[in-house]
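Source file: query-v2.csv. Holds: CSV, C-alpha atoms and all ligand atoms.
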chain,number,residue,atom,x,y,z
A,1,MET,CA,118.7,67.9,63.1
A,2,LEU,CA,118.5,64.6,64.9
A,3,PHE,CA,119.8,66.3,68.1
A,4,LYS,CA,117.1,69.0,67.8
A,5,GLN,CA,114.5,66.3,67.3
A,6,LYS,CA,115.7,64.4,70.3
A,7,ASN,CA,115.6,67.5,72.5
A,8,GLU,CA,112.1,68.4,71.5
A,9,LEU,CA,111.1,64.8,72.2
A,10,TYR,CA,112.5,64.8,75.7
A,11,GLN,CA,111.5,68.3,76.6
A,12,SER,CA,108.0,68.3,75.4
A,13,LYS,CA,105.6,68.4,78.3
A,14,GLU,CA,102.8,67.5,75.9
A,15,LEU,CA,104.3,64.2,75.3
A,16,SER,CA,101.9,61.8,76.8
A,17,PHE,CA,103.8,58.6,76.0
A,18,LEU,CA,107.1,57.5,74.7
A,19,SER,CA,107.6,54.3,73.1
A,20,TYR,CA,110.9,52.6,72.7
A,21,ALA,CA,110.8,50.2,69.8
A,22,LEU,CA,113.7,47.9,70.4
A,23,THR,CA,115.8,46.5,67.7
A,24,SER,CA,114.4,43.1,68.4
A,25,HIS,CA,110.9,44.5,67.9
A,26,ARG,CA,109.6,42.0,70.3
A,27,VAL,CA,108.7,44.3,73.1
A,28,VAL,CA,107.4,47.7,73.4
A,29,ILE,CA,107.7,49.5,76.7
A,30,TYR,CA,105.3,52.3,77.2
A,31,ILE,CA,105.6,55.0,79.7
A,32,ALA,CA,102.1,56.4,79.8
A,33,ARG,CA,101.8,59.6,81.9
A,34,GLY,CA,104.4,58.3,84.4
A,35,LYS,CA,102.7,55.0,84.7
A,36,MET,CA,104.6,52.1,83.3
A,37,GLN,CA,103.1,49.2,81.6
A,38,TYR,CA,105.1,46.3,80.2
A,39,VAL,CA,103.5,44.8,77.2
A,40,SER,CA,104.8,41.8,75.5
A,41,LEU,CA,104.1,41.3,71.9
A,42,PHE,CA,103.3,37.7,72.6
A,43,LYS,CA,100.1,38.9,74.1
A,44,THR,CA,99.2,42.0,72.3
A,45,PHE,CA,100.2,43.4,68.9
A,46,PHE,CA,101.1,47.0,68.7
A,47,ASN,CA,101.9,49.1,65.8
A,48,ILE,CA,105.4,50.1,66.6
A,49,SER,CA,105.9,53.8,66.5
A,50,LEU,CA,109.6,54.1,66.1
A,51,SER,CA,111.1,57.3,67.3
A,52,LEU,CA,114.6,57.6,65.9
A,53,GLY,CA,115.6,60.1,68.5
A,54,ALA,CA,114.5,57.8,71.4
A,55,LEU,CA,116.3,54.8,69.9
A,56,ASN,CA,119.5,56.8,69.3
A,57,TYR,CA,119.3,57.9,72.9
A,58,VAL,CA,118.9,54.4,74.2
A,59,MET,CA,121.8,53.2,72.1
A,60,ALA,CA,124.0,56.0,73.1
A,61,ILE,CA,123.8,55.7,76.9
A,62,SER,CA,125.0,52.1,76.9
A,63,GLU,CA,123.3,48.9,76.3
A,64,SER,CA,120.7,49.4,79.0
A,65,ILE,CA,117.3,50.8,78.8
A,66,HIS,CA,116.7,53.5,81.4
A,67,LEU,CA,113.1,53.9,82.4
A,68,LYS,CA,111.6,56.0,85.2
A,69,ASN,CA,112.7,53.7,87.9
A,70,LYS,CA,114.0,50.6,86.2
A,71,ILE,CA,117.3,50.0,84.4
A,72,ILE,CA,117.3,47.0,82.2
A,73,PRO,CA,120.1,45.6,79.9
A,74,GLN,CA,118.8,45.5,76.4
A,75,VAL,CA,119.6,41.9,76.0
A,76,ILE,CA,117.1,40.8,78.6
A,77,VAL,CA,114.5,43.6,78.3
A,78,ASN,CA,111.9,41.3,76.9
A,79,GLU,CA,112.2,38.8,79.7
A,80,ALA,CA,112.5,41.4,82.4
A,81,GLY,CA,109.4,43.2,81.0
A,82,THR,CA,107.4,40.0,81.1
A,83,ALA,CA,108.5,39.2,84.7
A,84,LEU,CA,107.8,42.7,85.9
A,85,SER,CA,104.3,42.7,84.4
A,86,HIS,CA,103.5,40.0,87.0
A,87,TYR,CA,104.4,42.4,89.8
A,88,PRO,CA,102.3,45.6,89.6
A,89,GLU,CA,103.2,46.3,93.2
A,90,LEU,CA,106.8,46.9,92.1
A,91,GLU,CA,105.8,49.5,89.5
A,92,GLU,CA,107.0,52.4,91.7
A,93,VAL,CA,110.0,50.6,93.1
A,94,ALA,CA,113.4,51.4,91.7
A,95,ILE,CA,115.2,48.3,90.4
A,96,GLU,CA,118.3,47.9,88.4
A,97,PHE,CA,119.1,44.7,86.5
A,98,LYS,CA,122.8,44.5,86.2
A,99,PHE,CA,125.3,42.1,84.7
A,100,LYS,CA,128.4,41.1,86.6
A,101,PRO,CA,131.3,39.1,85.1
A,102,SER,CA,130.5,36.3,87.6
A,103,LEU,CA,128.7,35.6,90.9
A,104,LYS,CA,129.6,33.1,93.5
A,105,LYS,CA,127.3,30.1,93.7
A,106,SER,CA,124.3,31.6,91.9
A,107,PHE,CA,123.3,32.9,88.6
A,108,MET,CA,121.3,35.8,90.0
A,109,LYS,CA,121.1,37.7,93.2
A,110,ALA,CA,118.7,40.4,94.4
A,111,GLN,CA,119.7,42.9,97.0
A,112,PRO,CA,118.9,46.3,98.3
A,113,LYS,CA,121.3,49.0,97.2
A,114,PHE,CA,123.4,49.7,100.2
A,115,SER,CA,123.4,53.4,99.7
A,116,THR,CA,119.6,53.5,100.0
A,117,LEU,CA,119.3,51.0,102.9
A,118,PHE,CA,118.8,53.6,105.6
A,119,LYS,CA,116.5,55.8,103.5
A,120,PRO,CA,112.7,55.7,103.8
A,121,LYS,CA,111.2,52.8,102.0
A,122,LYS,CA,110.0,55.0,99.2
A,123,LYS,CA,113.5,55.9,98.3
A,124,ARG,CA,115.0,52.5,98.7
A,125,SER,CA,116.3,50.9,95.5
A,126,TYR,CA,117.3,47.4,94.6
A,127,VAL,CA,119.6,45.6,92.3
A,128,ILE,CA,119.3,42.3,90.6
A,129,LEU,CA,122.8,41.1,89.8
A,130,MET,CA,123.1,38.6,87.0
A,131,SER,CA,126.1,36.6,86.1
A,132,GLU,CA,127.2,37.2,82.5
A,133,THR,CA,128.2,33.6,82.3
A,134,PHE,CA,126.8,31.0,84.7
A,135,LYS,CA,129.7,28.9,85.9
A,136,ILE,CA,128.9,25.9,88.0
A,137,ASP,CA,131.3,23.0,88.5
A,138,GLY,CA,133.2,23.6,85.4
A,139,LEU,CA,130.1,24.1,83.2
A,140,GLU,CA,129.7,27.4,81.6
A,141,LEU,CA,126.3,28.7,80.4
A,142,GLN,CA,125.9,32.0,78.6
A,143,ILE,CA,122.8,34.2,78.6
A,144,LYS,CA,122.0,33.0,75.1
A,145,ASP,CA,122.0,29.4,76.3
A,146,ILE,CA,119.1,30.1,78.6
A,147,PRO,CA,115.7,29.7,77.2
A,148,GLU,CA,113.4,32.7,77.4
A,149,ASN,CA,110.8,31.2,79.8
A,150,VAL,CA,113.6,30.0,82.1
A,151,MET,CA,115.0,33.5,82.2
A,152,ILE,CA,111.6,34.9,82.9
A,153,GLY,CA,111.1,32.4,85.7
A,154,TRP,CA,114.5,33.2,87.1
A,155,LEU,CA,113.8,36.9,87.1
A,156,GLY,CA,110.4,36.3,88.6
A,157,HIS,CA,112.0,34.5,91.5
A,158,GLU,CA,114.4,37.4,92.1
A,159,LEU,CA,111.5,39.9,92.0
A,160,GLY,CA,109.9,37.6,94.6
A,161,HIS,CA,112.9,38.4,96.8
A,162,ILE,CA,112.4,42.1,96.2
A,163,MET,CA,108.7,41.8,97.3
A,164,ASP,CA,110.0,40.1,100.5
A,165,TYR,CA,112.6,42.8,101.1
A,166,HIS,CA,110.3,45.7,100.4
A,167,ARG,CA,107.9,44.8,103.2
A,168,ARG,CA,110.8,44.9,105.7
A,169,ASN,CA,112.2,48.0,107.5
A,170,SER,CA,116.0,48.8,107.3
A,171,LEU,CA,116.9,47.0,110.6
A,172,ASN,CA,114.9,44.0,109.6
A,173,LEU,CA,116.7,43.9,106.2
A,174,ILE,CA,120.1,44.0,107.8
A,175,LEU,CA,119.2,41.2,110.2
A,176,PHE,CA,117.9,39.3,107.2
A,177,GLY,CA,121.2,39.7,105.4
A,178,LEU,CA,123.1,38.5,108.5
A,179,ARG,CA,120.9,35.5,109.0
A,180,TYR,CA,121.0,34.6,105.2
A,181,SER,CA,124.8,34.6,105.4
A,182,ILE,CA,125.0,32.2,108.3
A,183,SER,CA,122.1,29.9,108.3
A,184,GLN,CA,121.2,27.3,105.7
A,185,ASN,CA,117.7,27.0,107.2
A,186,PHE,CA,117.2,30.7,106.8
A,187,ILE,CA,118.4,30.6,103.2
A,188,ARG,CA,115.9,27.8,102.5
A,189,GLU,CA,113.1,29.8,104.1
A,190,ALA,CA,114.0,32.9,102.1
A,191,GLU,CA,114.3,31.0,98.8
A,192,ARG,CA,110.9,29.4,99.4
A,193,VAL,CA,109.3,32.8,100.1
A,194,ALA,CA,110.7,34.1,96.8
A,195,ASP,CA,109.4,31.1,94.9
A,196,THR,CA,106.0,31.5,96.6
A,197,TYR,CA,105.8,35.1,95.6
A,198,ALA,CA,106.4,34.2,92.0
A,199,VAL,CA,103.8,31.4,92.1
A,200,THR,CA,101.2,33.6,93.7
A,201,HIS,CA,101.9,36.2,91.0
A,202,SER,CA,100.8,33.7,88.3
A,203,MET,CA,104.3,32.8,87.3
A,204,LYS,CA,103.9,29.1,88.0
A,205,ASP,CA,104.7,27.9,84.5
A,206,TYR,CA,107.8,30.0,84.3
A,207,ILE,CA,109.1,28.9,87.7
A,208,LEU,CA,108.4,25.2,86.7
A,209,ASP,CA,110.4,25.8,83.5
A,210,THR,CA,113.3,27.1,85.4
A,211,LYS,CA,113.2,24.2,87.8
A,212,LYS,CA,113.0,21.7,85.0
A,213,PHE,CA,115.9,23.5,83.2
A,214,ILE,CA,118.1,23.0,86.2
A,215,LEU,CA,117.0,19.6,87.5
A,216,ASN,CA,116.8,17.9,84.0
A,217,ASN,CA,119.9,19.5,82.7
A,218,SER,CA,122.4,16.6,82.4
A,219,SER,CA,125.4,19.0,82.2
A,220,LEU,CA,124.7,20.4,85.6
A,221,SER,CA,126.3,18.5,88.5
A,222,GLU,CA,124.4,16.4,91.0
A,223,LYS,CA,125.9,18.5,93.8
A,224,TYR,CA,124.4,21.7,92.3
A,225,LYS,CA,121.0,20.0,91.7
A,226,ALA,CA,121.0,18.7,95.3
A,227,ARG,CA,121.5,22.2,96.5
A,228,ILE,CA,118.6,23.4,94.4
A,229,ARG,CA,116.4,20.6,95.7
A,230,ARG,CA,117.3,21.3,99.3
A,231,LEU,CA,116.8,25.1,99.2
A,232,TYR,CA,114.0,25.7,96.7
A,233,LEU,CA,110.4,24.6,96.3
A,234,SER,CA,110.2,21.4,94.3
A,235,PRO,CA,108.0,21.1,91.2
A,236,ASP,CA,105.5,19.0,93.3
A,237,GLU,CA,105.4,21.6,96.0
A,238,ILE,CA,104.8,24.3,93.5
A,239,LEU,CA,101.8,22.4,92.1
A,240,LEU,CA,100.5,21.9,95.6
A,241,LEU,CA,100.9,25.6,96.3
A,242,VAL,CA,98.9,26.4,93.1
A,243,LYS,CA,96.1,24.0,94.2
A,244,GLU,CA,96.0,25.7,97.6
A,245,GLN,CA,95.7,29.0,95.9
A,246,GLU,CA,92.8,27.8,93.8
A,247,THR,CA,90.8,26.5,96.7
A,248,LYS,CA,91.2,29.7,98.7
A,301,ZN,ZN,116.7,33.3,95.4
Translate the structure described by the file into C-alpha cells.
Amino acid sequence: MLFKQKNELYQSKELSFLSYALTSHRVVIYIARGKMQYVSLFKTFFNISLSLGALNYVMAISESIHLKNKIIPQVIVNEAGTALSHYPELEEVAIEFKFKPSLKKSFMKAQPKFSTLFKPKKKRSYVILMSETFKIDGLELQIKDIPENVMIGWLGHELGHIMDYHRRNSLNLILFGLRYSISQNFIREAERVADTYAVTHSMKDYILDTKKFILNNSSLSEKYKARIRRLYLSPDEILLLVKEQETK
C-alpha cells in the first residue's frame, strides 16, 4: 500500500510541489514546479504537510536528501538550506554536500567534480567536502559541536568559492587549482574572494560568527588561528566591506 502510494506520488505529473518534512521539523524544502526555494522555519512558519511516502523514500536512500540538483546530508540540511537561500544564482547549479572521514588542513573544501570539469558550464557540478570530525592540532570537533550559525557561515563561504569557480571556464579552473596548490598568496586571494561573496550575499553575521568561533576558541591552537588570520578576511575587514557595500 505504501509502495503504491509512493509510486503515485513520484509519477504524478499533476504534482505541483513536493514537500519533505524532516524529522527535525525545522526546515521544509519545497520544490515548486522545478523551482527550488529554501525556506527556514525561523523566518516563516509553514503547516507541514507530511507525506509518509516521501519521507520513507528519503530515509531509504541513505541519510542524504536528494533534490533536483542538490544532495544534502540530512544532519546539515537546515544549515545548508539557509546558506543556499542566500545564493539564488546557484539554484540551477548541481552541488553535492558530502562528508568525508577527514580532510587535510581544513574542515570544508569546495571543488568542481572532476568528471564534469570539461563539460559545458551548465553541466558542471560541484562538491563541498566536509570533514566528519574536524581535527586540528590534536583537537577534535564533531559536527554537533559546531553552532548552527557557524555552520551556516562556513557553508556560505564554501558556496562563495563555487560562485567564483562557476564564472571560470574549464582551463581557467585547472589553472586556478594549480596556483592554489603552490602559492600562499593565491590561496589568500581565493579565500578572500569566497568571504567577499558571502558578505555581499548578506551573510555578514554568519561569516562573523564563524570567524569568532575560530579566533576566540581557546581550544584551537595559535598556529591554526594565525593561518586563518593570514588567509581570510578579518572581522574588521568584513565590517569595512559591508560599509563599502552600503555606500555604493
Ligand atoms: Zn575557503
Using the file's own x, y and z axes, what box holds all listed atoms of region 111-123 of chain A with 6 Å on each side, keeping edges along x, y and z, and what are its centre and edge lengths in Å to one decimal, as JSON?
{"center_x": 116.7, "center_y": 49.4, "center_z": 101.3, "size_x": 25.4, "size_y": 25.0, "size_z": 20.6}
Could you produce a table of the residues of chain A lying within 10 Å of ligand ZN 301 (chain A), with the nearest pair of atoms per residue and their separation in Å rounded to one decimal, using only C-alpha atoms and all ligand atoms, ordered by chain and increasing residue number, as a Markdown table?
| residue | atom | partner | partner_atom | distance |
| --- | --- | --- | --- | --- |
| A:Ser106 | CA | A:ZN301 | ZN | 8.5 |
| A:Phe107 | CA | A:ZN301 | ZN | 9.5 |
| A:Met108 | CA | A:ZN301 | ZN | 7.5 |
| A:Lys109 | CA | A:ZN301 | ZN | 6.6 |
| A:Ala110 | CA | A:ZN301 | ZN | 7.4 |
| A:Trp154 | CA | A:ZN301 | ZN | 8.6 |
| A:Leu155 | CA | A:ZN301 | ZN | 9.5 |
| A:Gly156 | CA | A:ZN301 | ZN | 9.7 |
| A:His157 | CA | A:ZN301 | ZN | 6.2 |
| A:Glu158 | CA | A:ZN301 | ZN | 5.7 |
| A:Leu159 | CA | A:ZN301 | ZN | 9.1 |
| A:Gly160 | CA | A:ZN301 | ZN | 8.1 |
| A:His161 | CA | A:ZN301 | ZN | 6.5 |
| A:Ile162 | CA | A:ZN301 | ZN | 9.8 |
| A:Ile187 | CA | A:ZN301 | ZN | 8.4 |
| A:Arg188 | CA | A:ZN301 | ZN | 9.0 |
| A:Ala190 | CA | A:ZN301 | ZN | 7.2 |
| A:Glu191 | CA | A:ZN301 | ZN | 4.8 |
| A:Arg192 | CA | A:ZN301 | ZN | 8.1 |
| A:Val193 | CA | A:ZN301 | ZN | 8.8 |
| A:Ala194 | CA | A:ZN301 | ZN | 6.2 |
| A:Asp195 | CA | A:ZN301 | ZN | 7.6 |
| A:Leu231 | CA | A:ZN301 | ZN | 9.0 |
| A:Tyr232 | CA | A:ZN301 | ZN | 8.2 |
Fill in: Between CA of Lys104 (chain A) and CA of His66 (chain A) - distance in Å to one decimal
27.0 Å
Item to complete: Go through A:Thr200, A:Asn169, A:Ile72, A:Thr82 one by one, measure the shortest atom-to-atom distance of each to Met130 (chain A) using only C-alpha atoms, and give the residue with the smallest value.
Response: A:Ile72
Fill in: Best match for closeness to Ser64 (chain A) among A:Leu84, A:Glu96, A:Leu233, A:Glu189, counting all atoms listed in the file
A:Glu96
Practice prompt. Check the smallest atom-to-atom distance from each of A:Arg167, A:Lys204, A:Lys144, A:Lys135 to Ser102 (chain A) using all atoms listed in the file, then report the winner.
Written response: A:Lys135
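Atom pair CA of Leu241 (chain A) / CA of Ala198 (chain A): separated by 11.1 Å.
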Worksheet entry | Of the listed residues A:Ile228, A:Ala94, A:Ile76, A:Ile182, that which approaches Asn149 (chain A) most closely, counting only C-alpha atoms |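 Ranking A:Ile228, A:Ala94, A:Ile76, A:Ile182 by distance to Asn149 (chain A), first place goes to A:Ile76.
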